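**Q** Sending over a structure as structure tokens; questions will come in a sec.
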Amino acid sequence: MDFSDTPEEAEFRASVRKWLEANAQRARGTSGRFTGTGTDDIGAAKAWQASKYEAGYAAITVPEVYGGRGGTPIQALIYRQEESAFAVPTGVYEIGLGMCVPTVMMQGSDAHRDRFLVPAYRGDEIWCQLFSEPAGGSDIAALRTRAVRDGDDWVINGQKVWTSGAHFADFGILLARTDPTVAKHKGLTMFIVDMKAPGVDVRPIEQMSGGAEFNEVFFADVRIPDSDRLGAEGDGWNVALGTLMMERMSAGQGFGFFGATEVLELARKTEIGGRPASSDARVRERVADWWINEQGLKLLSYRAQTALSKGELPGPEQSVNKAIEAPQAQEIAYFARQLRGQAGSMDGEEIDEDWVHVDRSWLWAPGMRLGGGTDEVLRNIIAERVLGLPGDVRVDKGVPFNQLTS
Amino acid sequence: MNFDFSDEQKMLREQVSRALTEAAPLTEARTALTGGFEYSERAWNAIAEAGILGAGIPEEYGGLGLGRLEWCVTSEEIGRTLAPVPYLSTIVLAEALLAFGSAAQKNMWLPRIAGGQIIGTWADAEGPRELRADNLQVEFKSGRLTGKKLPVLDGNIAGLAVVLARTDDGPALVLVDLEKGVSRRALKTLDKSRPQAELHFDGAPAELLGKAGEGWTAYTQLMNRASVLLAFEQVGAADRALEMARDYALERHAFGRPIGSYQGIKHKLANIYMANEIARVHALWGAWATSTDASDLPLAAASARVSANRAFTLAAQENIQTHGGIGFTWESDCQLFYRRARLYAGLLGPELDWKERIVTSIELSNAA
């Protein structure tokens, strides 16, 4: 048992670090913290992605024939670990390069791969994922957006929601209903959609946290050629599951919330009963509990790294990540606000940057408890896929979609 | 990065698992609980015969010279079966000898521990009073030990103990042959499947283990190693309690469905799973720290301790809840886990103290 890299991994890490030092600024103070405002600088993000592409770090695990490095998952993880210490804009590519583009690579035609992969890795074109709908959140397969065949085209009508980055995306992968006469999971098909096509209307959603990173996307008679179908007609659900599986490969990425050590540091600068709050036993006990979970998630990511290092897939224990981190972030941020006394109801901007970070955590945590699987869905997944408990009773099971009541 | 046991260590775990499943099914813990015996000789012999007691003891003292990780994987399997054996107490004594013993003390005792010929333990607590460096009552003076220690795990079956005592120079660890000048009284305890005793030293002959005055530091180091071992027992037991709950939830039907298909049960068991996974990685971190003598050991030991308490306690109590009425009966095995979880949470001192050590460590590293 040891925590060090193999010689090959160490060599790769050193070359990555050397390149990052030469091409980016180390994150300092609050510069590396997430802003969660949706005001990403697309130009800066594209420039950074392009330089990564030139250096061979944009698509580490992708075969060279598709414009990648032909490297290993552990190299990709090492790159992410190293890059996270630098103040670089990567957010706008996370979903596209993490989930959408791999789906195009696996399910698309040779023509798709030739057309889309390199521009995506180079950062010229940004991708978004169009799955969730007003009528299909946790139950994505209940989605209603219709795709109707018309000659060589499909005609799309409907609405997506909570689409990250749709407002700057060039393309998306779209899950739509092609056959409403069969059970809901069976009538779905996946497509590539041009976000600039006529009939696509993107409207940002203003979040409770104040930013607008997500969108509603409306489709009115949008035409997609059948050649831009991903996978077989009616196989969209399986294609979508493959897309969601990609999340497992990105194990161990934190969300940048205000954490246990930070709240302890903050408590040093505030007082309870005339003494530093950090010496208060109530504060200290909570910090210990939170720290155990944070450190536990970090150690779990080492387990994932171990698996990748051996060329294996990370185990199911990685699924606990967000279910622990997001609710805890909400708790910590709530608790921290107590430390500023009556000013706890004031916006952090009235005080200083640390408090701004606390407020961002507090306002963002509710969203993180929902996106990418709610707290409840994640527990269902653990119970069913890890512990082998039965699925929930489904009253819509086997019922054709067009005969469902709501 | 290799944050896992080696293939050889996993093979050893399989071997121990097979031996213990055969020698110590849960009926052994039940027999101990109902006063059938004080420990399972069958299970103890199985562990001794596999050479495990000497795994972390160098070959020059009759051990296998492997390391502490082998002790850890064994602890996990003991936890899974709730095997009623004086393993933790004996290994803690071995650790005390390894760290602080003179050559003569090591030569005298380590081969006998490695060979399974002697059961060991440690004695620190003095009843319900807070245990501190400055209020120890048991005294070591002129080669004699006087006073009372309780509760002492396996105190009524051990032949040798390391005892925390006061001296004129400050706290010290001392080594006592329990066959000489020591009277023992079995204590009523919450988990009778593991015996605890009061040891009354009435001028018992004893010798220093390490230096007088450095005993408290030595004791703290010893408890860090104990915490890691115990955490593995807790993780193993928490896994088994979760499996019991899962199996019952699949089999038991209510309102026409397995109760495991209700989210009330599914989410409960998912919460246990999450707590177990967090505890497991902290125990592994502790195993790495104790086996490499890392400077992180105090922190890793503390987080292993707290997270394992949390996981085993949750699993044990929610296992009863999942079982419903049958889980509350004397004949159900659920109570074995519930009682053992309480015992383990009590050993090695209060969880609040360990949490405080975590925060102190974070502050030190923040300041650095």
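Each chain in the structure tokens gets a letter, A, B and so on, in the order shown; residues start at 1 in every chain, and ligands are counted from 1 in the order they appear.
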Can you pull out every residue within 10 Å of Ala99 (chain B), counting only C-alpha atoms, but drop anything in the same chain fewer than 4 positions away, and send it as a list in words?
**A**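 With the cut-off at 10 Å, the set is Leu93, Ala94, Glu95, Lys106, Leu209, Gly210, Ala218, Gln221 and Leu222 of chain B.
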**Q** Please return, as number ranges by chain, all residues of chain B lying within 7 Å of chain A when only C-alpha atoms are considered.
**A** B: 1-5, 250, 260-262, 266-267, 269-270, 274, 277-278, 281-282, 288, 303, 307, 355-356, 358-359
**Q** Let me make sure I understand: among B:Gln117, B:Thr146, B:Gln234, B:Gln9, which one has the smallest atom-to-atom distance to Ala206 (chain B) if we use only C-alpha atoms?
**A**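 Nearest to Ala206 (chain B): B:Thr146.
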**Q** Assign secondary structure with DSSP using the backbone only, and return the residues of region 122-285 of chain B in strand (DSSP E) as a ChimeraX atom specification.
**A** /B:122-123,139-141,144-153,160-165,172-177,182-186,196-209,253-254,257-258
**Q** Keeping C-alpha atoms, export the residues of the selection given above as a PDB file, in the first residue's frame.
**A**
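Below is the file that was written, result_1.pdb:
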```pdb
ATOM      1  CA  TRP B 122      -3.837  -3.611  28.216  1.00  0.00           C
ATOM      2  CA  ALA B 123      -5.210  -1.902  31.321  1.00  0.00           C
ATOM      3  CA  GLU B 139       0.844   3.339  41.174  1.00  0.00           C
ATOM      4  CA  PHE B 140       4.094   1.653  40.230  1.00  0.00           C
ATOM      5  CA  LYS B 141       6.824   1.949  42.872  1.00  0.00           C
ATOM      6  CA  ARG B 144       5.418  -3.197  42.694  1.00  0.00           C
ATOM      7  CA  LEU B 145       2.036  -2.238  41.317  1.00  0.00           C
ATOM      8  CA  THR B 146      -0.877  -1.128  43.491  1.00  0.00           C
ATOM      9  CA  GLY B 147      -4.462  -0.161  42.719  1.00  0.00           C
ATOM     10  CA  LYS B 148      -7.452  -1.079  40.577  1.00  0.00           C
ATOM     11  CA  LYS B 149      -8.013  -1.034  36.830  1.00  0.00           C
ATOM     12  CA  LEU B 150     -11.442  -1.481  35.251  1.00  0.00           C
ATOM     13  CA  PRO B 151     -12.843  -2.330  32.808  1.00  0.00           C
ATOM     14  CA  VAL B 152     -10.039  -4.403  31.320  1.00  0.00           C
ATOM     15  CA  LEU B 153     -10.936  -6.210  28.105  1.00  0.00           C
ATOM     16  CA  LEU B 160       0.088 -10.672  30.682  1.00  0.00           C
ATOM     17  CA  ALA B 161      -0.875  -7.016  30.634  1.00  0.00           C
ATOM     18  CA  VAL B 162       0.583  -3.634  29.849  1.00  0.00           C
ATOM     19  CA  VAL B 163      -0.673  -1.240  32.510  1.00  0.00           C
ATOM     20  CA  LEU B 164      -0.753   2.551  32.543  1.00  0.00           C
ATOM     21  CA  ALA B 165       0.399   3.685  35.989  1.00  0.00           C
ATOM     22  CA  ALA B 172       4.603   4.974  32.798  1.00  0.00           C
ATOM     23  CA  LEU B 173       3.686   1.796  31.002  1.00  0.00           C
ATOM     24  CA  VAL B 174       4.487  -1.289  33.038  1.00  0.00           C
ATOM     25  CA  LEU B 175       4.382  -4.961  32.246  1.00  0.00           C
ATOM     26  CA  VAL B 176       2.616  -7.285  34.665  1.00  0.00           C
ATOM     27  CA  ASP B 177       2.407 -11.053  34.775  1.00  0.00           C
ATOM     28  CA  VAL B 182      -3.297  -9.945  40.908  1.00  0.00           C
ATOM     29  CA  SER B 183      -6.865 -10.638  41.864  1.00  0.00           C
ATOM     30  CA  ARG B 184      -9.537 -10.427  39.181  1.00  0.00           C
ATOM     31  CA  ARG B 185     -13.265  -9.952  39.187  1.00  0.00           C
ATOM     32  CA  ALA B 186     -15.427 -10.502  36.105  1.00  0.00           C
ATOM     33  CA  GLN B 196     -14.182  -7.457  30.834  1.00  0.00           C
ATOM     34  CA  ALA B 197     -12.689  -7.573  34.305  1.00  0.00           C
ATOM     35  CA  GLU B 198     -11.513  -5.562  37.255  1.00  0.00           C
ATOM     36  CA  LEU B 199      -7.869  -6.126  38.004  1.00  0.00           C
ATOM     37  CA  HIS B 200      -6.792  -5.495  41.580  1.00  0.00           C
ATOM     38  CA  PHE B 201      -3.066  -5.124  42.002  1.00  0.00           C
ATOM     39  CA  ASP B 202      -1.940  -5.602  45.564  1.00  0.00           C
ATOM     40  CA  GLY B 203       1.774  -5.028  45.322  1.00  0.00           C
ATOM     41  CA  ALA B 204       2.002  -7.165  42.207  1.00  0.00           C
ATOM     42  CA  PRO B 205       5.539  -7.532  40.812  1.00  0.00           C
ATOM     43  CA  ALA B 206       5.872  -5.483  37.632  1.00  0.00           C
ATOM     44  CA  GLU B 207       8.530  -3.953  35.426  1.00  0.00           C
ATOM     45  CA  LEU B 208       8.777  -0.794  33.392  1.00  0.00           C
ATOM     46  CA  LEU B 209       7.999  -0.982  29.686  1.00  0.00           C
ATOM     47  CA  HIS B 253     -42.848  -9.000   2.599  1.00  0.00           C
ATOM     48  CA  ALA B 254     -45.315  -6.376   3.775  1.00  0.00           C
ATOM     49  CA  ARG B 257     -43.953  -6.402  -1.588  1.00  0.00           C
ATOM     50  CA  PRO B 258     -40.501  -7.085  -0.176  1.00  0.00           C
TER      51      PRO B 258
END
```
**Q** Quick one: everything within 12 Å of Glu8 (chain B), counting only C-alpha atoms, minus sequence neighbours fewer than 4 positions away in the same chain. Send it as JSON, numbers by chain.
**A** {"A": [1], "B": [4, 12, 13, 14, 15, 66, 69, 70, 73]}
**Q** Would you output that residue set with N, CA and C atoms, as an mmCIF file, in the first residue's frame?
**A**
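After the write, out-v1.cif holds the following:
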```cif
data_model
loop_
_atom_site.group_PDB
_atom_site.id
_atom_site.type_symbol
_atom_site.label_atom_id
_atom_site.label_comp_id
_atom_site.auth_asym_id
_atom_site.auth_seq_id
_atom_site.Cartn_x
_atom_site.Cartn_y
_atom_site.Cartn_z
ATOM 1 N N MET A 1 0.846 -1.191 0.000
ATOM 2 C CA MET A 1 0.000 0.000 0.000
ATOM 3 C C MET A 1 0.884 1.243 0.000
ATOM 4 N N ASP B 4 -4.742 0.071 -1.440
ATOM 5 C CA ASP B 4 -5.489 -1.181 -1.319
ATOM 6 C C ASP B 4 -4.545 -2.206 -0.695
ATOM 7 N N LEU B 12 -4.778 -13.821 2.186
ATOM 8 C CA LEU B 12 -4.787 -14.123 3.620
ATOM 9 C C LEU B 12 -6.183 -13.864 4.194
ATOM 10 N N ARG B 13 -6.786 -12.773 3.757
ATOM 11 C CA ARG B 13 -8.123 -12.443 4.243
ATOM 12 C C ARG B 13 -9.106 -13.573 3.909
ATOM 13 N N GLU B 14 -9.014 -14.091 2.681
ATOM 14 C CA GLU B 14 -9.878 -15.205 2.286
ATOM 15 C C GLU B 14 -9.669 -16.398 3.203
ATOM 16 N N GLN B 15 -8.390 -16.655 3.476
ATOM 17 C CA GLN B 15 -8.047 -17.810 4.301
ATOM 18 C C GLN B 15 -8.613 -17.634 5.722
ATOM 19 N N LEU B 66 5.919 -10.204 8.699
ATOM 20 C CA LEU B 66 5.202 -9.644 7.546
ATOM 21 C C LEU B 66 4.938 -8.161 7.780
ATOM 22 N N LEU B 69 -0.303 -4.797 8.218
ATOM 23 C CA LEU B 69 -1.468 -4.888 7.326
ATOM 24 C C LEU B 69 -2.135 -6.257 7.462
ATOM 25 N N GLU B 70 -1.324 -7.290 7.700
ATOM 26 C CA GLU B 70 -1.884 -8.633 7.868
ATOM 27 C C GLU B 70 -2.716 -8.701 9.142
ATOM 28 N N VAL B 73 -6.159 -6.971 8.154
ATOM 29 C CA VAL B 73 -7.149 -7.741 7.382
ATOM 30 C C VAL B 73 -7.793 -8.807 8.271
#
```
**Q** Give the answer as one residue: which of B:Tyr39, B:Trp109, B:Tyr273, B:Trp71 has the shortest atom-to-atom distance to Val16 (chain B), using only C-alpha atoms?
**A**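 Distance minimum relative to Val16 (chain B) lands on B:Trp71.
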**Q** Between A:Gly71, A:Gly234, A:Gly123, A:Gly373, single out the one closest to Glu54 (chain A), counting only C-alpha atoms.
**A**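 The shortest atom-to-atom distance to Glu54 (chain A) comes from A:Gly123.
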**Q** What's the 9 Å shell around Pro195 (chain B), counting only C-alpha atoms, without same-chain residues fewer than 6 positions away, as a PyMOL selection string?
**A** chain B and resi 32+38-39+84+152-157+186-189
**Q** Just the alpha helix (DSSP H) stuff from region 73-206 of chain B, please, per backbone DSSP, written as a ChimeraX atom specification.
**A** /B:73-81,87-100,103-114
**Q** Within 9 Å of Gly348 (chain A), counting only C-alpha atoms, which residues show up once you throw out same-chain ones fewer than 4 positions away? Write them as a list in words, please.
**A**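 The residues that qualify are Gly344, Asp352, Glu353, Asp354, Trp355, Val356, His357, Val358, Asp359 and Arg360 of chain A.
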